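S.K.: Take this structure, written in structure tokens, and hold onto it; I'll ask about it next.
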Number of protein chains: 2
Amino acid sequence: MKPRLDSAQSARAAELRLSRLARLDDDELRAVRQAASFPQRLPAHRELVAEGAPAGEPHILLEGWMGRIRHFSDGRRQILSFILPGDRLGVGQQNQPRAAATVTALTPVLLCRAPQPRSGRVGAGLAEAYAMSAALEEQYMLRQIARIGRLSAHERLIDWMLEMYDRLELAGLAEADAFPMPLTQEALADALGLTSVHVNRTLQSMRRERLIEFRSGVIQLSDPRQLANMVDYRPPTMAGLSAR
Amino acid sequence: MKPRLDSAQSARAAELRLSRLARLDDDELRAVRQAASFPQRLPAHRELVAEGAPAGEPHILLEGWMGRIRHFSDGRRQILSFILPGDRLGVGQQNQPRAAATVTALTPVLLCRAPQPRSGRVGAGLAEAYAMSAALEEQYMLRQIARIGRLSAHERLIDWMLEMYDRLELAGLAEADAFPMPLTQEALADALGLTSVHVNRTLQSMRRERLIEFRSGVIQLSDPRQLANMVDYRPPTMAGLSAR
DNA sequence: CGCGTTCTTGACTGCTTTCAAAGATGGTGG
DNA sequence: CCACCATCTTTGAAAGCAGTCAAGAACGCG
């Protein structure tokens, strides 16, 4: 039996991530915790918004993984991007009234409304954090294009794992070169533009070569530096985004 | 010998596109023409900004095609997105100080500085047009991901052509199901995640099947409706973006 | 007219998919 | 506590789409 998740617990990842993206003052931190104390729960596979539907208000993901997905009429689907704890969702970059893609819970998730940033000079940290979050989101999309456009199956997996590690680490959800990976291999395949069979084989081969370990839903990277070299991986250039 | 391009001529596409994205008042139209009368010329293959370099100020493309590109250390490259006449460039979605990708001229191009939108109630058309442009850009990126992630070579070409047609049409540069296509097949391959050899073969086959005609740099789509059905193509949901 | 780039084509290789079916795994109810 | 079912993972064999290598043809520019 797992411990009952209190809201303070579940807000931690979001709080950590946002405060790493911009300095938040006490009011803002309080606003985040406050919002997180009225969470919404969604089971796996549940759609939050459908492509083309009214976008609804912005949310912050507290727990679990979501994805932006495009469906084809013949059943194929592509996971366009992942939404991880602490990520903002429900808005495209601009305040578009309609969702550009379907947003779906890939695992059971917990989310809450995103607190409104104040517009004043003081306490604009939240607005800055949101802007930074959107900027990172764009970088992830660009990387996703390069990944599925030009990398082999092996390389796609490696590149993807490195990105997931960095992103989860930012929210305090990964350490020691290991991170939880709750997706089915089919979901992974839909994200990387492969079939689940081939994801499986590739994963096996990576294990045999001791590039990773993967047991009970946790991926352990043996040598991130080496992996990064194999695929030209450069961590998200957060430093370049703000002035710091 | 082609006629000397005066600035009024070259501003036309940008003017048309922007004024279709939002209603621009006379001052704003004038500002666009004014900006376009101090154009900058770049030869093909010239980089405007390198990935990670300071982003510089926003520009508007007047003529020619540009691309956002990611290079790999072993020589592979991926064209992340295309920038067409009337498109804004030089900013990510947010005002990021550093470019998230290299921006390169794929053909000889002409561009100018993007006029600053005024912030007042009146005459916010330009700001709206820019926001719409950014929103469309995001949609194009999502489509690019789905395209190279889940479509076959045939389908990628078709889907891409339909998108290019719609985008060029928006700037008044395409009509009667035909549009100019100045790229080499290698550039096309780098955009679609294929090799130039395979792009060539696929193109041939599409010509044989009478899906398209392609002569002297102009692509003619035989039956856009049918093509759209083949790949589940839905035109950019511009209508959904603004309130109209 | 000549040279470099781009387009074509052929033959061969191979990565990834497809189809199928046999194991694991985990949750549920008896 | 165990049987049972649904879902997910793993494996094999065969087919196919796309890549690689190479070379000749066509095109466009100076």
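Ordering of the structure tokens sets the chain letters (A, B, ...); residue numbers start at 1 within each chain; ligands are numbered from 1 in the order shown.
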Find the nearest atom pair between each residue of chain D and chain A for residues within 12 Å, count only C-alpha atoms (C1' of nucleotides), give distances in Å to one decimal, sort rows by chain and ascending number, and present the table as CSV.

M.R.:
residue,atom,partner,partner_atom,distance
D:DT7,C1',A:Thr184,CA,10.0
D:DC8,C1',A:Thr184,CA,7.3
D:DT9,C1',A:Asn200,CA,7.7
D:DT10,C1',A:Asn200,CA,7.7
D:DT11,C1',A:Arg201,CA,9.3
D:DG12,C1',A:Val197,CA,11.9
D:DG19,C1',A:Ser152,CA,11.7

S.K.: Counting only C-alpha atoms, collect the residues of chain B whose closest atom lies at most 8 Å from chain A, and write them out as a count of residues only.

M.R.: 40

S.K.: Can you list, as a ChimeraX atom specification, all residues belonging to range 22-162 of chain A that DSSP tags as helix (DSSP H, G or I)?

M.R.: /A:26-36,125-150,153-162

S.K.: May I have the residues within 8 Å of range 176-182 of chain A as a VMD selection string, using only C-alpha atoms (C1' of nucleotides) and disregarding those fewer than 5 positions away in the same chain?

M.R.: chain A and resid 65 107 165 168 217 to 222 224

S.K.: Write to file, as a PDB file, in the first residue's frame, the residues of the selection just made, with N, CA, C and O atoms.

M.R.:
ATOM      1  N   TRP A  65       3.030  11.261 -16.237  1.00  0.00           N
ATOM      2  CA  TRP A  65       3.480  11.738 -17.547  1.00  0.00           C
ATOM      3  C   TRP A  65       2.293  11.930 -18.470  1.00  0.00           C
ATOM      4  O   TRP A  65       1.393  11.096 -18.529  1.00  0.00           O
ATOM      5  N   THR A 107       0.170   8.091 -18.125  1.00  0.00           N
ATOM      6  CA  THR A 107       0.106   7.313 -16.887  1.00  0.00           C
ATOM      7  C   THR A 107      -0.999   7.972 -16.062  1.00  0.00           C
ATOM      8  O   THR A 107      -1.520   9.004 -16.466  1.00  0.00           O
ATOM      9  N   TYR A 165      16.241  12.380 -18.745  1.00  0.00           N
ATOM     10  CA  TYR A 165      16.990  12.503 -17.497  1.00  0.00           C
ATOM     11  C   TYR A 165      17.151  13.963 -17.095  1.00  0.00           C
ATOM     12  O   TYR A 165      16.844  14.342 -15.968  1.00  0.00           O
ATOM     13  N   LEU A 168      13.741  15.466 -16.014  1.00  0.00           N
ATOM     14  CA  LEU A 168      13.259  14.971 -14.727  1.00  0.00           C
ATOM     15  C   LEU A 168      14.154  15.471 -13.589  1.00  0.00           C
ATOM     16  O   LEU A 168      13.678  15.778 -12.497  1.00  0.00           O
ATOM     17  N   GLY A 217      10.894  -0.495 -14.047  1.00  0.00           N
ATOM     18  CA  GLY A 217      10.473   0.851 -14.367  1.00  0.00           C
ATOM     19  C   GLY A 217      11.486   1.948 -14.114  1.00  0.00           C
ATOM     20  O   GLY A 217      11.139   3.127 -14.098  1.00  0.00           O
ATOM     21  N   VAL A 218      12.740   1.566 -13.898  1.00  0.00           N
ATOM     22  CA  VAL A 218      13.772   2.586 -13.702  1.00  0.00           C
ATOM     23  C   VAL A 218      14.907   2.375 -14.699  1.00  0.00           C
ATOM     24  O   VAL A 218      15.429   1.269 -14.829  1.00  0.00           O
ATOM     25  N   ILE A 219      15.235   3.431 -15.400  1.00  0.00           N
ATOM     26  CA  ILE A 219      16.353   3.365 -16.341  1.00  0.00           C
ATOM     27  C   ILE A 219      17.602   3.919 -15.681  1.00  0.00           C
ATOM     28  O   ILE A 219      17.580   5.013 -15.123  1.00  0.00           O
ATOM     29  N   GLN A 220      18.651   3.150 -15.747  1.00  0.00           N
ATOM     30  CA  GLN A 220      19.937   3.576 -15.189  1.00  0.00           C
ATOM     31  C   GLN A 220      20.923   3.742 -16.342  1.00  0.00           C
ATOM     32  O   GLN A 220      21.197   2.783 -17.077  1.00  0.00           O
ATOM     33  N   LEU A 221      21.418   4.952 -16.514  1.00  0.00           N
ATOM     34  CA  LEU A 221      22.389   5.199 -17.580  1.00  0.00           C
ATOM     35  C   LEU A 221      23.785   4.870 -17.056  1.00  0.00           C
ATOM     36  O   LEU A 221      24.184   5.363 -15.995  1.00  0.00           O
ATOM     37  N   SER A 222      24.518   4.053 -17.772  1.00  0.00           N
ATOM     38  CA  SER A 222      25.832   3.646 -17.255  1.00  0.00           C
ATOM     39  C   SER A 222      26.858   4.775 -17.375  1.00  0.00           C
ATOM     40  O   SER A 222      27.633   5.022 -16.464  1.00  0.00           O
ATOM     41  N   PRO A 224      26.614   8.516 -18.965  1.00  0.00           N
ATOM     42  CA  PRO A 224      25.937   9.591 -19.690  1.00  0.00           C
ATOM     43  C   PRO A 224      26.864  10.362 -20.637  1.00  0.00           C
ATOM     44  O   PRO A 224      26.449  10.718 -21.747  1.00  0.00           O
TER      45      PRO A 224
END

S.K.: Using only C-alpha atoms (C1' of nucleotides), find each residue of chain C with at least one atom at most 12 Å away from an atom of chain A; report its shortest atom-to-atom pair and that distance in Å (one decimal), sort the rows by chain and rising residue number, and return the result as a Markdown table.

M.R.:
| residue | atom | partner | partner_atom | distance |
| --- | --- | --- | --- | --- |
| C:DC15 | C1' | A:Ser152 | CA | 8.6 |
| C:DT16 | C1' | A:His198 | CA | 7.0 |
| C:DT17 | C1' | A:Thr195 | CA | 7.3 |
| C:DT18 | C1' | A:Val197 | CA | 9.7 |
| C:DC19 | C1' | A:Val197 | CA | 11.3 |
| C:DT25 | C1' | A:Ser216 | CA | 10.7 |

S.K.: If you measure from C1' of DT28 in chain C to CA of Pro108 in chain A, what distance in Å do you get, rounded to one decimal?

M.R.: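 Computing the Euclidean distance for C1' of DT28 in chain C and CA of Pro108 in chain A yields 18.7 Å.
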
S.K.: Of the candidates B:Leu29, B:Cys112, B:Ala124, B:Ala35, which one gets nearest to Leu16 in chain B if we count only C-alpha atoms?

M.R.: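 Smallest separation from Leu16 in chain B among the options: B:Leu29.
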
S.K.: DSSP says strand (DSSP E) for which residues of range 179-224 of chain A? Put them as a CSV table (one decimal) with N, CA and C atoms, in the first residue's frame?

M.R.:
chain,number,residue,atom,x,y,z
A,179,PHE,N,16.5,7.3,-13.8
A,179,PHE,CA,15.2,8.0,-13.7
A,179,PHE,C,14.0,7.0,-13.9
A,180,PRO,N,12.9,7.2,-13.4
A,180,PRO,CA,11.7,6.3,-13.6
A,180,PRO,C,11.2,6.5,-15.0
A,212,ILE,N,22.8,0.7,-20.7
A,212,ILE,CA,21.8,1.1,-19.7
A,212,ILE,C,21.5,-0.2,-18.9
A,213,GLU,N,20.8,0.1,-17.7
A,213,GLU,CA,20.1,-1.0,-17.1
A,213,GLU,C,18.7,-0.5,-17.0
A,214,PHE,N,17.8,-1.5,-17.1
A,214,PHE,CA,16.4,-1.1,-17.1
A,214,PHE,C,15.6,-2.2,-16.3
A,215,ARG,N,15.3,-1.9,-15.1
A,215,ARG,CA,14.6,-2.9,-14.3
A,215,ARG,C,13.5,-2.2,-13.5
A,218,VAL,N,12.7,1.6,-13.9
A,218,VAL,CA,13.8,2.6,-13.7
A,218,VAL,C,14.9,2.4,-14.7
A,219,ILE,N,15.2,3.4,-15.4
A,219,ILE,CA,16.4,3.4,-16.3
A,219,ILE,C,17.6,3.9,-15.7
A,220,GLN,N,18.7,3.2,-15.7
A,220,GLN,CA,19.9,3.6,-15.2
A,220,GLN,C,20.9,3.7,-16.3
A,221,LEU,N,21.4,5.0,-16.5
A,221,LEU,CA,22.4,5.2,-17.6
A,221,LEU,C,23.8,4.9,-17.1

S.K.: Neighbours of DA22 in chain D within 12 Å (only C-alpha atoms (C1' of nucleotides); same-chain residues fewer than 2 positions away dropped), as an MDAnalysis selection string?

M.R.: (chainID C and resid 9:12) or (chainID D and resid 20 24)

S.K.: Nearest to Glu15 in chain A among A:Leu126, A:Ala55, A:Leu162, A:Val103, with distances taken over only C-alpha atoms: which residue is it?

M.R.: A:Leu126

S.K.: Contacts of DC3 in chain C at 12 Å or less, counting only C-alpha atoms (C1' of nucleotides), minus same-chain residues fewer than 6 places along, as a VMD selection string?

M.R.: chain D and resid 27 to 30

S.K.: With N, CA, C and O atoms (P, O5', C5', C4', C3', O3' and C1' of nucleotides) kept, could you save the residues just selected as a compact mmCIF listing (two decimals), in the first residue's frame?

M.R.:
# COMPACT_ATOMS: atom_id res chain seq x y z
P DC D 27 17.87 18.57 -69.00
O5' DC D 27 18.39 19.69 -68.01
C5' DC D 27 18.26 19.48 -66.61
C4' DC D 27 19.12 20.48 -65.88
C3' DC D 27 19.02 21.90 -66.45
O3' DC D 27 18.47 22.73 -65.44
C1' DC D 27 21.28 21.27 -66.00
P DG D 28 18.06 24.21 -65.78
O5' DG D 28 19.29 25.03 -65.21
C5' DG D 28 19.72 24.79 -63.86
C4' DG D 28 20.93 25.65 -63.58
C3' DG D 28 20.83 27.07 -64.17
O3' DG D 28 21.40 27.97 -63.24
C1' DG D 28 22.75 26.00 -65.01
P DC D 29 21.15 29.51 -63.29
O5' DC D 29 22.56 30.08 -62.91
C5' DC D 29 23.41 29.36 -62.01
C4' DC D 29 24.85 29.57 -62.38
C3' DC D 29 25.15 31.01 -62.83
O3' DC D 29 26.26 31.50 -62.10
C1' DC D 29 25.97 29.46 -64.41
P DG D 30 26.59 33.01 -62.06
O5' DG D 30 27.98 33.09 -62.81
C5' DG D 30 29.08 32.28 -62.35
C4' DG D 30 30.13 32.24 -63.42
C3' DG D 30 30.55 33.62 -63.95
O3' DG D 30 31.96 33.65 -64.11
C1' DG D 30 29.88 32.25 -65.74

S.K.: Would you compute the distance between CA of Phe38 in chain A and CA of Phe82 in chain A? Give it in Å to one decimal.

M.R.: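 CA of Phe82 in chain A lies 23.1 Å from CA of Phe38 in chain A.
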